[in-house]
>>> print(open('upload_5.cif').read())   # mmCIF, C-alpha atoms
data_protein
loop_
_atom_site.label_atom_id
_atom_site.label_comp_id
_atom_site.auth_asym_id
_atom_site.auth_seq_id
_atom_site.Cartn_x
_atom_site.Cartn_y
_atom_site.Cartn_z
CA MET A 129 20.37 21.13 -30.55
CA ALA A 130 19.95 22.73 -27.14
CA GLY A 131 17.21 25.06 -26.02
CA SER A 132 15.20 25.68 -22.89
CA TYR A 133 13.58 23.27 -20.43
CA CYS A 134 11.00 23.23 -17.65
CA ILE A 135 10.50 20.39 -15.16
CA ILE A 136 7.28 20.24 -13.13
CA THR A 137 7.56 17.97 -10.10
CA TYR A 138 4.83 16.26 -8.07
CA GLY A 139 5.08 14.02 -5.04
CA CYS A 140 7.82 13.05 -2.63
CA GLN A 141 11.37 14.15 -1.94
CA MET A 142 12.59 11.24 -4.06
CA ASN A 143 10.86 12.82 -7.04
CA GLU A 144 12.31 16.22 -6.17
CA HIS A 145 15.81 14.77 -6.28
CA ASP A 146 15.12 12.87 -9.51
CA SER A 147 14.14 16.24 -11.00
CA GLU A 148 17.40 17.77 -9.74
CA ILE A 149 19.31 15.01 -11.52
CA MET A 150 17.37 15.54 -14.75
CA GLN A 151 18.07 19.27 -14.50
CA GLY A 152 21.78 18.48 -14.19
CA LEU A 153 21.62 16.22 -17.25
CA LEU A 154 19.89 18.90 -19.31
CA LYS A 155 22.23 21.65 -18.14
CA ALA A 156 25.21 19.50 -19.19
CA ARG A 157 23.65 19.31 -22.66
CA GLY A 158 23.45 23.10 -22.88
CA TYR A 159 19.77 23.57 -22.04
CA SER A 160 18.73 26.60 -19.98
CA LYS A 161 15.96 26.61 -17.40
CA VAL A 162 12.72 28.60 -17.80
CA ASP A 163 9.89 28.89 -15.29
CA SER A 164 6.95 28.36 -17.63
CA GLU A 165 6.29 25.15 -19.51
CA PHE A 166 4.62 27.18 -22.25
CA GLU A 167 7.97 28.83 -23.05
CA ALA A 168 10.12 25.68 -22.95
CA ASP A 169 11.47 23.53 -25.75
CA VAL A 170 11.58 20.50 -23.44
CA VAL A 171 8.94 19.93 -20.77
CA VAL A 172 9.12 17.11 -18.23
CA PHE A 173 6.28 16.22 -15.89
CA ASN A 174 7.81 14.23 -13.03
CA THR A 175 4.77 12.49 -11.59
CA CYS A 176 3.45 10.76 -8.48
CA CYS A 177 0.63 8.22 -8.33
CA VAL A 178 0.60 7.56 -4.58
CA ARG A 179 -2.21 10.12 -4.25
CA GLU A 180 -4.94 10.49 -6.85
CA GLY A 181 -4.86 14.29 -6.70
CA ALA A 182 -1.20 14.55 -7.73
CA GLU A 183 -1.75 12.23 -10.69
CA SER A 184 -4.82 14.14 -11.86
CA ARG A 185 -3.04 17.50 -11.64
CA ALA A 186 -0.10 16.23 -13.68
CA MET A 187 -2.33 14.78 -16.39
CA SER A 188 -4.42 17.94 -16.60
CA ARG A 189 -1.37 20.20 -16.77
CA CYS A 190 0.15 18.05 -19.50
CA GLU A 191 -3.07 18.23 -21.51
CA SER A 192 -2.94 22.03 -21.31
CA LEU A 193 0.15 22.02 -23.56
CA VAL A 194 -1.70 20.84 -26.69
CA SER A 195 -2.01 24.34 -28.16
CA ALA A 196 1.55 25.28 -27.12
CA LYS A 197 2.90 22.32 -29.03
CA GLU A 198 0.85 23.24 -32.08
CA LYS A 199 2.57 26.64 -32.05
CA ASN A 200 6.00 25.07 -31.43
CA PRO A 201 6.16 21.69 -33.22
CA ASN A 202 9.74 21.21 -31.97
CA MET A 203 8.57 21.16 -28.35
CA VAL A 204 9.27 17.78 -26.71
CA ILE A 205 6.99 16.73 -23.85
CA ALA A 206 8.03 13.94 -21.49
CA MET A 207 6.40 12.29 -18.51
CA SER A 208 8.55 10.60 -15.88
CA GLY A 209 8.05 9.28 -12.36
CA CYS A 210 5.61 6.79 -10.88
CA VAL A 211 2.68 7.49 -13.24
CA ALA A 212 5.00 6.95 -16.21
CA GLN A 213 6.37 3.71 -14.76
CA ASP A 214 2.89 2.43 -13.91
CA GLN A 215 1.11 3.26 -17.16
CA GLY A 216 3.90 3.06 -19.72
CA LYS A 217 2.70 2.99 -23.33
CA ARG A 218 -0.89 3.65 -22.27
CA LEU A 219 0.10 7.27 -21.66
CA LEU A 220 0.90 7.70 -25.36
CA ASP A 221 -2.64 6.60 -26.16
CA LYS A 222 -4.14 8.96 -23.57
CA LEU A 223 -1.95 11.94 -24.49
CA PRO A 224 -1.35 12.10 -28.27
CA HIS A 225 0.97 15.09 -27.88
CA LEU A 226 3.23 13.28 -25.37
CA ASP A 227 6.61 12.30 -26.85
CA ILE A 228 8.48 10.41 -24.13
CA VAL A 229 7.46 8.16 -21.23
CA ILE A 230 10.36 7.61 -18.81
CA GLY A 231 10.41 5.12 -15.93
CA THR A 232 11.73 5.70 -12.42
CA ARG A 233 15.15 4.21 -13.20
CA ASP A 234 15.31 5.17 -16.89
CA TYR A 235 15.30 8.95 -16.39
CA VAL A 236 19.11 8.98 -16.39
CA HIS A 237 18.83 8.34 -20.15
CA LEU A 238 16.79 11.51 -20.74
CA PRO A 239 19.36 13.21 -23.05
CA GLN A 240 19.63 10.13 -25.29
CA LEU A 241 15.84 9.81 -25.45
CA LEU A 242 15.56 13.46 -26.44
CA ASP A 243 18.06 12.84 -29.24
CA ARG A 244 15.95 9.97 -30.56
CA VAL A 245 12.78 12.02 -30.59
CA GLN A 246 14.40 15.10 -32.14
CA VAL A 247 16.20 13.13 -34.86
CA SER A 248 13.58 10.55 -35.81
CA GLY A 249 10.34 12.11 -34.61
CA GLU A 250 9.36 8.81 -32.99
CA ARG A 251 7.54 8.59 -29.67
CA VAL A 252 9.49 6.68 -27.02
CA VAL A 253 8.64 4.57 -23.98
CA ALA A 254 11.50 3.65 -21.62
CA VAL A 255 10.31 1.79 -18.51
CA ASP A 256 12.25 -1.47 -18.64
CA ASP A 257 15.09 -0.73 -16.21
CA ILE A 258 12.92 -0.73 -13.08
CA ASP A 259 14.82 -3.53 -11.31
CA LYS A 260 18.31 -2.63 -12.54
CA PRO A 261 21.00 -0.92 -10.44
CA PHE A 262 22.21 2.29 -12.05
CA SER A 263 24.58 5.20 -11.56
CA VAL A 264 24.17 8.87 -12.36
CA ASN A 265 26.97 10.46 -14.34
CA SER A 266 25.76 13.99 -13.74
CA ILE A 267 25.88 16.62 -11.03
CA PRO A 268 22.33 17.33 -9.78
CA LEU A 269 21.20 20.92 -10.20
CA ARG A 270 20.08 21.63 -6.63
CA GLU A 271 18.04 24.67 -5.62
CA SER A 272 19.90 25.14 -2.32
CA LYS A 273 23.64 25.70 -2.00
CA LEU A 274 23.59 24.78 1.69
CA LYS A 275 21.73 21.46 1.91
CA GLY A 276 20.80 18.77 -0.55
CA PHE A 277 19.18 15.40 -1.17
CA VAL A 278 21.23 12.23 -1.69
CA ASN A 279 19.68 8.94 -2.80
CA ILE A 280 21.18 6.01 -0.90
CA MET A 281 18.81 3.33 -2.20
CA TYR A 282 15.99 2.72 -4.63
CA GLY A 283 12.86 0.59 -4.60
CA CYS A 284 10.87 -1.17 -1.90
CA ASN A 285 10.32 -4.83 -0.94
CA ASN A 286 7.61 -4.34 1.69
CA GLY A 287 4.39 -4.74 -0.29
CA CYS A 288 2.08 -2.72 1.98
CA THR A 289 -1.40 -3.43 0.69
CA TYR A 290 -2.36 0.24 0.15
CA CYS A 291 0.86 1.24 -1.62
CA ILE A 292 1.86 1.12 -5.28
CA VAL A 293 5.51 2.07 -4.74
CA PRO A 294 6.98 -1.47 -5.15
CA LYS A 295 5.32 -1.61 -8.57
CA THR A 296 6.51 1.83 -9.65
CA ARG A 297 9.96 1.93 -7.99
CA GLY A 298 11.05 -1.70 -8.27
CA GLU A 299 12.93 -3.94 -5.88
CA GLU A 300 15.28 -2.56 -3.25
CA TRP A 301 18.81 -1.78 -4.34
CA SER A 302 21.34 0.05 -2.16
CA ARG A 303 24.20 2.13 -3.50
CA PRO A 304 27.68 1.13 -2.29
CA ILE A 305 28.87 3.07 0.75
CA ALA A 306 31.97 4.31 -1.06
CA GLU A 307 29.82 5.81 -3.84
CA VAL A 308 27.53 7.63 -1.39
CA VAL A 309 30.50 8.90 0.64
CA GLU A 310 32.19 10.17 -2.51
CA GLU A 311 29.08 12.13 -3.50
CA VAL A 312 28.61 13.64 -0.05
CA ARG A 313 32.29 14.50 0.32
CA ALA A 314 32.14 16.35 -2.99
CA MET A 315 29.05 18.22 -1.80
CA ALA A 316 30.79 19.23 1.43
CA ALA A 317 33.76 20.52 -0.57
CA GLN A 318 31.32 22.66 -2.59
CA GLY A 319 29.89 24.22 0.58
CA TYR A 320 26.95 21.95 1.35
CA ARG A 321 26.61 21.55 5.09
CA GLU A 322 23.56 19.27 5.38
CA VAL A 323 22.43 16.19 3.47
CA MET A 324 19.07 14.44 3.50
CA LEU A 325 19.53 10.74 2.76
CA LEU A 326 16.63 9.42 0.70
CA GLY A 327 15.10 6.00 0.23
CA GLN A 328 11.71 4.36 0.36
CA ASN A 329 12.98 2.65 3.54
CA VAL A 330 16.39 4.08 4.39
CA ASN A 331 16.89 1.87 7.42
CA SER A 332 16.62 -1.29 5.29
CA TYR A 333 19.75 -0.08 3.45
CA MET A 334 22.04 -3.07 2.87
CA THR A 335 24.92 -3.29 0.40
CA ASP A 336 26.28 -6.37 -1.34
CA LYS A 337 29.02 -6.35 1.31
CA ARG A 338 26.35 -6.57 4.07
CA GLU A 339 27.02 -3.02 5.22
CA ASP A 340 23.89 -1.57 6.80
CA PHE A 341 22.40 1.85 7.47
CA ALA A 342 24.34 2.33 10.71
CA ASP A 343 27.59 1.62 8.84
CA LEU A 344 26.68 4.27 6.26
CA LEU A 345 25.89 6.86 8.94
CA GLY A 346 29.23 6.15 10.59
CA ALA A 347 31.12 6.64 7.33
CA LEU A 348 29.32 9.90 6.53
CA ASN A 349 29.91 11.17 10.07
CA GLU A 350 33.65 11.26 9.32
CA ILE A 351 33.37 13.72 6.41
CA ASP A 352 35.05 17.03 7.11
CA ASP A 353 32.97 20.21 6.68
CA LEU A 354 29.69 18.27 6.74
CA TRP A 355 27.61 19.45 9.69
CA ARG A 356 24.31 17.64 9.50
CA ILE A 357 22.97 14.26 8.34
CA ARG A 358 19.23 13.69 8.05
CA TYR A 359 17.32 10.80 6.49
CA THR A 360 13.85 9.73 5.43
CA THR A 361 11.85 7.51 5.48
CA SER A 362 12.39 4.84 8.16
CA ASN A 363 10.18 1.76 8.44
CA PRO A 364 9.44 0.36 11.92
CA LYS A 365 9.92 -3.15 10.50
CA SER A 366 13.56 -2.38 9.70
CA CYS A 367 14.29 -0.18 12.72
CA ARG A 368 17.12 -1.87 14.64
CA ASP A 369 19.09 -1.05 17.77
CA ARG A 370 22.15 -0.20 15.60
CA HIS A 371 20.13 2.40 13.71
CA ILE A 372 18.85 4.05 16.88
CA GLY A 373 22.30 3.85 18.46
CA ALA A 374 23.86 5.58 15.44
CA VAL A 375 21.54 8.56 15.86
CA ALA A 376 22.65 8.89 19.47
CA GLY A 377 26.31 8.05 18.85
CA TYR A 378 27.23 10.17 15.83
CA GLU A 379 27.33 13.93 16.39
CA LYS A 380 26.45 14.83 12.79
CA VAL A 381 23.35 12.61 12.68
CA MET A 382 20.40 14.81 13.64
CA GLU A 383 17.99 13.88 16.40
CA ASN A 384 14.85 13.67 14.30
CA LEU A 385 13.11 10.49 13.22
CA HIS A 386 10.23 10.08 10.77
CA LEU A 387 8.69 6.74 11.71
CA PRO A 388 5.35 6.07 9.96
CA VAL A 389 2.91 4.13 12.13
CA GLN A 390 -0.12 4.27 9.73
CA SER A 391 -2.51 2.88 12.38
CA GLY A 392 -2.60 2.27 16.12
CA ASN A 393 -4.66 -0.92 15.77
CA ASP A 394 -2.97 -4.29 15.31
CA ARG A 395 -5.66 -5.86 13.10
CA VAL A 396 -5.58 -2.89 10.75
CA LEU A 397 -1.78 -3.05 10.67
CA ARG A 398 -2.03 -6.70 9.62
CA MET A 399 -4.53 -5.75 6.91
CA MET A 400 -2.03 -3.14 5.73
CA LYS A 401 0.77 -5.78 5.84
CA ARG A 402 2.96 -3.53 7.93
CA ALA A 403 4.96 -6.37 9.60
CA TYR A 404 4.95 -4.88 13.11
CA ASN A 405 2.33 -4.30 15.81
CA SER A 406 1.56 -1.36 18.05
CA THR A 407 3.52 -2.89 20.96
CA ARG A 408 6.66 -3.16 18.85
CA TYR A 409 6.16 0.38 17.58
CA ARG A 410 5.81 1.78 21.10
CA HIS A 411 8.96 -0.10 22.13
CA LEU A 412 10.95 1.45 19.27
CA VAL A 413 9.80 4.94 20.19
CA SER A 414 10.67 4.32 23.84
CA LEU A 415 14.14 3.06 22.89
CA TYR A 416 14.74 6.04 20.60
CA ARG A 417 13.67 8.54 23.25
CA GLU A 418 15.73 6.84 25.92
CA GLN A 419 18.88 7.38 23.84
CA ASN A 420 17.83 10.79 22.46
CA PRO A 421 16.10 12.72 25.27
CA VAL A 422 15.87 15.86 23.10
CA HIS A 423 14.53 14.79 19.74
CA GLY A 424 11.96 15.28 17.01
CA LEU A 425 9.49 12.54 16.07
CA THR A 426 7.05 12.60 13.15
CA THR A 427 4.84 10.01 11.49
CA ASP A 428 2.32 9.12 8.77
CA ILE A 429 -1.24 7.95 9.55
CA ILE A 430 -4.05 6.65 7.34
CA VAL A 431 -7.65 6.78 8.59
CA GLY A 432 -10.63 4.90 7.17
CA PHE A 433 -8.72 1.88 5.88
CA PRO A 434 -11.09 -0.84 4.63
CA THR A 435 -13.02 -2.47 7.52
CA GLU A 436 -11.54 -0.07 10.12
CA THR A 437 -14.12 0.28 12.90
CA ARG A 438 -14.68 3.29 15.11
CA ALA A 439 -13.10 1.42 18.03
CA GLU A 440 -10.02 0.62 15.95
CA PHE A 441 -9.70 4.24 14.92
CA GLU A 442 -9.81 5.17 18.60
CA ASP A 443 -6.74 2.93 19.10
CA THR A 444 -4.94 5.30 16.74
CA LEU A 445 -6.12 8.32 18.72
CA ARG A 446 -4.84 6.72 21.92
CA LEU A 447 -1.45 5.99 20.36
CA VAL A 448 -1.10 9.58 19.12
CA GLN A 449 -2.12 10.94 22.51
CA GLU A 450 0.41 8.67 24.20
CA ILE A 451 3.38 9.20 21.88
CA ARG A 452 2.80 12.93 21.26
CA TYR A 453 4.37 13.48 17.85
CA ASP A 454 5.92 16.78 16.85
CA ASN A 455 4.11 16.53 13.53
CA ALA A 456 2.11 14.00 11.56
CA TYR A 457 1.10 13.60 7.93
CA MET A 458 -2.49 12.41 8.08
CA PHE A 459 -4.61 11.11 5.21
CA MET A 460 -7.92 9.51 4.39
CA TYR A 461 -7.59 6.12 2.73
CA SER A 462 -8.34 6.13 -0.98
CA PRO A 463 -7.96 3.04 -3.18
CA ARG A 464 -5.20 3.26 -5.79
CA ALA A 465 -5.43 1.05 -8.87
CA GLY A 466 -2.81 -1.68 -8.83
CA THR A 467 -2.63 -2.05 -5.04
CA VAL A 468 -3.71 -5.13 -3.12
CA SER A 469 -6.24 -3.21 -1.04
CA ALA A 470 -7.92 -1.74 -4.14
CA GLU A 471 -8.15 -5.13 -5.83
CA THR A 472 -9.15 -7.33 -2.88
CA MET A 473 -10.76 -5.11 -0.21
CA ARG A 474 -14.04 -3.23 -0.27
CA ASP A 475 -13.67 0.48 0.52
CA ASP A 476 -16.46 0.26 3.07
CA VAL A 477 -15.83 3.20 5.42
CA PRO A 478 -18.18 5.98 4.27
CA LEU A 479 -16.51 9.12 2.98
CA GLU A 480 -18.20 11.35 5.56
CA GLU A 481 -16.98 9.06 8.32
CA LYS A 482 -13.44 9.20 6.92
CA LYS A 483 -13.62 12.98 6.88
CA ALA A 484 -14.88 13.08 10.46
CA ARG A 485 -12.14 10.74 11.67
CA LEU A 486 -9.45 12.72 9.86
CA LYS A 487 -10.65 15.98 11.38
CA GLU A 488 -10.68 14.46 14.85
CA LEU A 489 -7.15 13.17 14.39
CA ILE A 490 -5.87 16.47 12.98
CA ASP A 491 -7.46 18.40 15.85
CA LEU A 492 -5.77 16.10 18.36
CA GLN A 493 -2.37 16.37 16.70
CA GLU A 494 -2.64 20.16 16.43
CA SER A 495 -3.40 20.44 20.14
CA ILE A 496 -0.36 18.28 20.92
CA ALA A 497 1.84 20.36 18.61
CA TRP A 498 0.75 23.55 20.41
CA GLU A 499 1.55 21.96 23.77
CA LYS A 500 4.99 20.93 22.55
CA THR A 501 5.67 24.48 21.32
CA ARG A 502 4.87 25.84 24.77
CA GLU A 503 7.27 23.26 26.26
CA GLU A 504 10.04 24.62 24.02
CA ILE A 505 9.92 28.12 25.52
CA GLY A 506 13.19 28.84 27.31
CA ARG A 507 15.13 26.06 25.58
CA VAL A 508 18.19 26.80 23.44
CA HIS A 509 18.57 25.14 20.04
CA GLU A 510 21.43 24.99 17.60
CA VAL A 511 19.98 26.33 14.33
CA MET A 512 21.55 26.25 10.90
CA VAL A 513 20.59 29.56 9.26
CA GLU A 514 19.08 28.72 5.86
CA GLY A 515 17.78 32.08 4.67
CA ILE A 516 15.32 34.93 5.14
CA SER A 517 11.84 34.01 6.32
CA LYS A 518 9.31 33.94 3.49
CA LYS A 519 6.69 35.50 5.74
CA ASP A 520 8.80 38.26 7.32
CA ALA A 521 11.79 39.84 5.56
CA ASN A 522 13.08 41.03 8.93
CA GLN A 523 13.43 37.47 10.21
CA LEU A 524 15.91 34.72 9.46
CA GLN A 525 14.85 31.10 9.41
CA GLY A 526 16.44 27.69 9.76
CA HIS A 527 15.98 24.33 11.43
CA SER A 528 17.05 22.95 14.76
CA ARG A 529 18.79 19.61 15.04
CA THR A 530 15.36 18.16 15.88
CA PHE A 531 14.03 19.52 12.56
CA LYS A 532 11.93 22.25 14.11
CA ARG A 533 11.60 25.30 11.88
CA VAL A 534 12.85 28.34 13.83
CA VAL A 535 12.49 32.04 12.96
CA PHE A 536 14.44 34.83 14.67
CA PRO A 537 15.74 38.36 14.01
CA GLY A 538 19.27 38.59 12.64
CA ASN A 539 21.57 39.85 9.91
CA GLU A 540 21.48 37.99 6.60
CA ARG A 541 25.26 37.65 6.82
CA LEU A 542 24.51 34.80 9.23
CA ILE A 543 23.01 32.68 6.42
CA GLY A 544 25.01 29.46 6.17
CA GLN A 545 26.18 29.60 9.79
CA ARG A 546 25.07 27.81 12.94
CA VAL A 547 23.71 29.86 15.81
CA LYS A 548 22.18 29.25 19.21
CA VAL A 549 18.60 30.45 19.50
CA LYS A 550 16.61 30.72 22.72
CA ILE A 551 12.95 29.95 22.09
CA THR A 552 10.45 32.61 23.17
CA GLY A 553 7.25 31.39 21.47
CA GLY A 554 5.88 30.19 18.16
CA THR A 555 3.03 28.36 16.49
CA SER A 556 2.14 24.69 16.28
CA HIS A 557 4.65 24.21 13.45
CA THR A 558 7.23 27.01 13.86
CA LEU A 559 9.31 28.16 16.80
CA ALA A 560 10.34 31.79 17.35
CA GLY A 561 13.27 33.04 19.36
CA ASP A 562 16.34 35.23 19.74
CA ILE A 563 19.98 34.53 19.01
CA VAL A 564 22.04 33.78 22.10
CA THR A 565 25.38 33.42 20.29
CA THR A 566 26.68 32.83 16.78
CA GLU A 567 29.46 30.56 17.97
CA PRO A 568 28.88 26.93 16.88
CA ALA A 569 28.09 24.73 19.82
CA GLU A 570 30.05 21.54 20.41
CA ALA A 571 27.46 20.37 22.88
CA LEU A 572 24.14 21.93 23.77
CA ALA A 573 22.81 19.35 26.18
CA ALA A 574 23.39 21.58 29.20
CA ALA A 575 21.45 24.35 27.49
CA GLY A 576 18.50 22.08 26.77
CA ARG A 577 19.31 21.47 23.10
#
>>> encode(input="upload_5.cif", output="C-alpha cells")
Amino acid sequence: MAGSYCIITYGCQMNEHDSEIMQGLLKARGYSKVDSEFEADVVVFNTCCVREGAESRAMSRCESLVSAKEKNPNMVIAMSGCVAQDQGKRLLDKLPHLDIVIGTRDYVHLPQLLDRVQVSGERVVAVDDIDKPFSVNSIPLRESKLKGFVNIMYGCNNGCTYCIVPKTRGEEWSRPIAEVVEEVRAMAAQGYREVMLLGQNVNSYMTDKREDFADLLGALNEIDDLWRIRYTTSNPKSCRDRHIGAVAGYEKVMENLHLPVQSGNDRVLRMMKRAYNSTRYRHLVSLYREQNPVHGLTTDIIVGFPTETRAEFEDTLRLVQEIRYDNAYMFMYSPRAGTVSAETMRDDVPLEEKKARLKELIDLQESIAWEKTREEIGRVHEVMVEGISKKDANQLQGHSRTFKRVVFPGNERLIGQRVKVKITGGTSHTLAGDIVTTEPAEALAAAGR
C-alpha cells in the first residue's frame, strides 16, 4: 500500500545521505515525494543530537503532527538518526503519536518496518543493529545529478569527551574497497562527476584486508568519467603521511582538507581526549601545505570547554592567526547528555564569557577569510559548474578544486562542465570572477590554480 512520503533531515552530511538512501527505499516501494509533512502518508524525521538546537527542533516539529494524524489515522510517523538511536523506546513514551523509532544502522529496514506498522498497527523500535556491518540494496535518491555523497565507513572509536557520536553511531566499520568502487563507478556511468566520501573519521578507514584510506583514494582515482573526489571528516589523530601524499599524488583527489582542531591549547585537548597536541597539529598542516601549495583548509573549534581559561582560549586565537584557515565552524561548548564531559565535568565557563570568546574568534576568522579572498584576486581556478547562483540568476556558480564557492557570468549550457575562472573579487566566503576558457585543464599550476 504505497502513498506519499516526506523526510525532514537535521544535522550532518551523514544524515543527509542516510535520508537519500531512505528516499530510494521508499521510491522503490512506489511512494512519491511531497514537500509538506502535513500532506504525507509517511513522515520520517531524521535527527541529530550533537547540538541541542537540532534535537529540539526535530521534537517540536514532530509534535506539530498530532492534529494531522488525527485527520489521517493511516499516517505513519517515524524518527530516525542519532536522537532515535540514543533514546530508543523512550521516544514512544514522549511522543504518543510516533509509530517507528529507527536506529542509525537499522534505517535500511524502513520498508519492512512500515509493513509491520500498517498491517498490525503496532509501534516499533529498531535500534539493535548499531554495531553490525550492513549493506544497502537500494539506489539513493540524490538531489544533485552531478555530485553525490558516498558512505565509506560508519561509527567512531575515538570517544572525545564532548561527543555522543560513538554512542549513537556505533563502532567503526569500513566498507570493502571493491564495494565502494562499484558504487562510485555506477555513479560515474550515470553522469555523476564528483563524490564526497563520508565517515565520522574518513582517514581512519581500514578494511578487513588492511587496506587504508590512501588505498581507497588510489582505487577511486582510476575510475573513468569521475572528475573529483572529496572527503570529510578527517581526524588529526589518524592523519598519516600516506593520506596527505594521496591528496598530492592523485589528480582526482581535490586539494581541500577539513581537519578539526577543536582547541589550540594542549591541556584542553587532553580534556577533550583528542589524542594529539597543538605541535602535532601544526606539523600536519605544514606537511599538507608543503605537498599542496594551493589548497583549501577548514576546521572545527569549540570555545568555553569546561575549565578553559582566558589564556588557554588565547592559545586558540594564536593558532588560528598562525594557520589562517579558509573557513572554520565555530561553536560554544554545551553539555550533551550521555557524554563524558556532561557527566564528569562542571560547565564552569559563564555563558556570557563563552559568547564573548566566540565573537572574538569569529571576528578573527572573518578578517582572515577576507584577507585570503583578496589574495585570490588574479588567480585562475578550475571550477566545476554546478548551477545558477541562488542570489543572482545571471550568474553561474560552482566550486574550485580547493572547495571555494565561485560565481561568474556564463551560459547555463555550461552546467556540468569544468571551466577556468580568473578571480576578480568576492566576499569572505565566495569568490567572483570571469571565465577564461571552457576547456578542461590538465594542469593549472602555472596559472596559479
>>> residues_around(input="upload_5.cif", residues="Asn174 in chain A", least_positions_apart="2", cutoff="9 Å", atoms="all atoms listed in the file", output="ChimeraX atom specification")
/A:135-139,143-144,146-147,172,176,186,206-212
>>> resolve_selection(input="upload_5.cif", expression="the PyMOL selection byres ((chain A and resi 350) around 12)", output="ChimeraX atom specification")
/A:309-310,312-313,316,343-349,351-357,378-381
>>> residues_around(input="upload_5.cif", residues="Gly298 in chain A", least_positions_apart="5", cutoff="12 Å", atoms="only C-alpha atoms", output="PyMOL selection string")
chain A and resi 210+213-214+231-234+255-261+281-287+292-293+328
>>> closest_residue(input="upload_5.cif", among="A:Ser332, A:Asn522, A:Asn420, A:Thr361", to="Val375 in chain A", atoms="only C-alpha atoms")
A:Asn420
>>> closest_atom_pairs(input="upload_5.cif", of="range 408-442 of chain A", to="range 479-484 of chain A", cutoff="9 Å", atoms="only C-alpha atoms", output="tab-separated table")
residue	atom	partner	partner_atom	distance
A:Val431	CA	A:Lys482	CA	6.5
A:Gly432	CA	A:Lys482	CA	5.1
A:Phe433	CA	A:Lys482	CA	8.8
>>> resolve_selection(input="upload_5.cif", expression="the PyMOL selection byres ((chain A and resi 427) around 9)", output="list in words")
Leu385, His386, Leu387, Pro388, Val389, Gln390, Leu425, Thr426, Asp428, Ile429, Tyr453, Asp454, Asn455, Ala456, Tyr457 and Met458 of chain A
>>> atom_distance(input="upload_5.cif", atom1="CA of Lys199 in chain A", atom2="CA of Glu148 in chain A")
28.2 Å
>>> closest_residue(input="upload_5.cif", among="A:Arg189, A:Gln246, A:Ala465, A:Ser266", to="Gln215 in chain A", atoms="all atoms listed in the file")
A:Ala465
>>> atom_distance(input="upload_5.cif", atom1="CA of Ser302 in chain A", atom2="CA of Asn363 in chain A")
15.5 Å
>>> atom_distance(input="upload_5.cif", atom1="CA of Arg502 in chain A", atom2="CA of Val534 in chain A")
13.8 Å
>>> residues_around(input="upload_5.cif", residues="Arg410 in chain A", least_positions_apart="6", cutoff="12 Å", atoms="all atoms listed in the file", output="list in words")
Pro364, Leu387, Pro388, Val389, Gly392, Tyr404, Tyr416, Arg417, Arg446, Leu447, Val448, Glu450, Ile451 and Arg452 of chain A
>>> resolve_selection(input="upload_5.cif", expression="the PyMOL selection byres ((chain A and resi 369) around 10)", output="PDB file with C-alpha atoms, in the frame of the given file")
ATOM      1  CA  ALA A 342      24.340   2.330  10.710  1.00  0.00           C
ATOM      2  CA  SER A 366      13.560  -2.380   9.700  1.00  0.00           C
ATOM      3  CA  CYS A 367      14.290  -0.180  12.720  1.00  0.00           C
ATOM      4  CA  ARG A 368      17.120  -1.870  14.640  1.00  0.00           C
ATOM      5  CA  ARG A 370      22.150  -0.200  15.600  1.00  0.00           C
ATOM      6  CA  HIS A 371      20.130   2.400  13.710  1.00  0.00           C
ATOM      7  CA  ILE A 372      18.850   4.050  16.880  1.00  0.00           C
ATOM      8  CA  GLY A 373      22.300   3.850  18.460  1.00  0.00           C
ATOM      9  CA  ALA A 374      23.860   5.580  15.440  1.00  0.00           C
ATOM     10  CA  LEU A 412      10.950   1.450  19.270  1.00  0.00           C
ATOM     11  CA  LEU A 415      14.140   3.060  22.890  1.00  0.00           C
ATOM     12  CA  TYR A 416      14.740   6.040  20.600  1.00  0.00           C
TER      13      TYR A 416
END
>>> residues_around(input="upload_5.cif", residues="range 535-542 of chain A", least_positions_apart="4", cutoff="12 Å", atoms="all atoms listed in the file", output="PyMOL selection string")
chain A and resi 509+511-528+546-555+557-568
>>> closest_residue(input="upload_5.cif", among="A:Ala254, A:Val413, A:Val162, A:Cys190", to="His237 in chain A", atoms="all atoms listed in the file")
A:Ala254
>>> closest_residue(input="upload_5.cif", among="A:Thr360, A:Ser248, A:Ser462, A:Ser556", to="Trp498 in chain A", atoms="only C-alpha atoms")
A:Ser556
>>> closest_residue(input="upload_5.cif", among="A:His411, A:Arg395, A:Arg157, A:Lys487", to="Glu440 in chain A", atoms="all atoms listed in the file")
A:Arg395
>>> build_atoms(input="upload_5.cif", residues="range 379-387 of chain A", atoms="N, CA and C atoms", output="mmCIF file, in the coordinates of the input")
data_model
loop_
_atom_site.group_PDB
_atom_site.id
_atom_site.type_symbol
_atom_site.label_atom_id
_atom_site.label_comp_id
_atom_site.auth_asym_id
_atom_site.auth_seq_id
_atom_site.Cartn_x
_atom_site.Cartn_y
_atom_site.Cartn_z
ATOM 1 N N GLU A 379 27.674 12.531 16.164
ATOM 2 C CA GLU A 379 27.330 13.930 16.390
ATOM 3 C C GLU A 379 26.642 14.568 15.195
ATOM 4 N N LYS A 380 27.001 14.174 13.979
ATOM 5 C CA LYS A 380 26.450 14.830 12.790
ATOM 6 C C LYS A 380 25.090 14.280 12.383
ATOM 7 N N VAL A 381 24.671 13.181 12.975
ATOM 8 C CA VAL A 381 23.350 12.610 12.680
ATOM 9 C C VAL A 381 22.322 13.317 13.550
ATOM 10 N N MET A 382 21.357 13.978 12.912
ATOM 11 C CA MET A 382 20.400 14.810 13.640
ATOM 12 C C MET A 382 19.388 13.970 14.419
ATOM 13 N N GLU A 383 18.923 14.577 15.511
ATOM 14 C CA GLU A 383 17.990 13.880 16.400
ATOM 15 C C GLU A 383 16.538 14.088 15.942
ATOM 16 N N ASN A 384 16.250 13.657 14.733
ATOM 17 C CA ASN A 384 14.850 13.670 14.300
ATOM 18 C C ASN A 384 14.585 12.403 13.508
ATOM 19 N N LEU A 385 13.455 11.781 13.805
ATOM 20 C CA LEU A 385 13.110 10.490 13.220
ATOM 21 C C LEU A 385 11.698 10.553 12.658
ATOM 22 N N HIS A 386 11.561 10.225 11.366
ATOM 23 C CA HIS A 386 10.230 10.080 10.770
ATOM 24 C C HIS A 386 9.930 8.593 10.726
ATOM 25 N N LEU A 387 8.980 8.156 11.543
ATOM 26 C CA LEU A 387 8.690 6.740 11.710
ATOM 27 C C LEU A 387 7.189 6.496 11.491
#
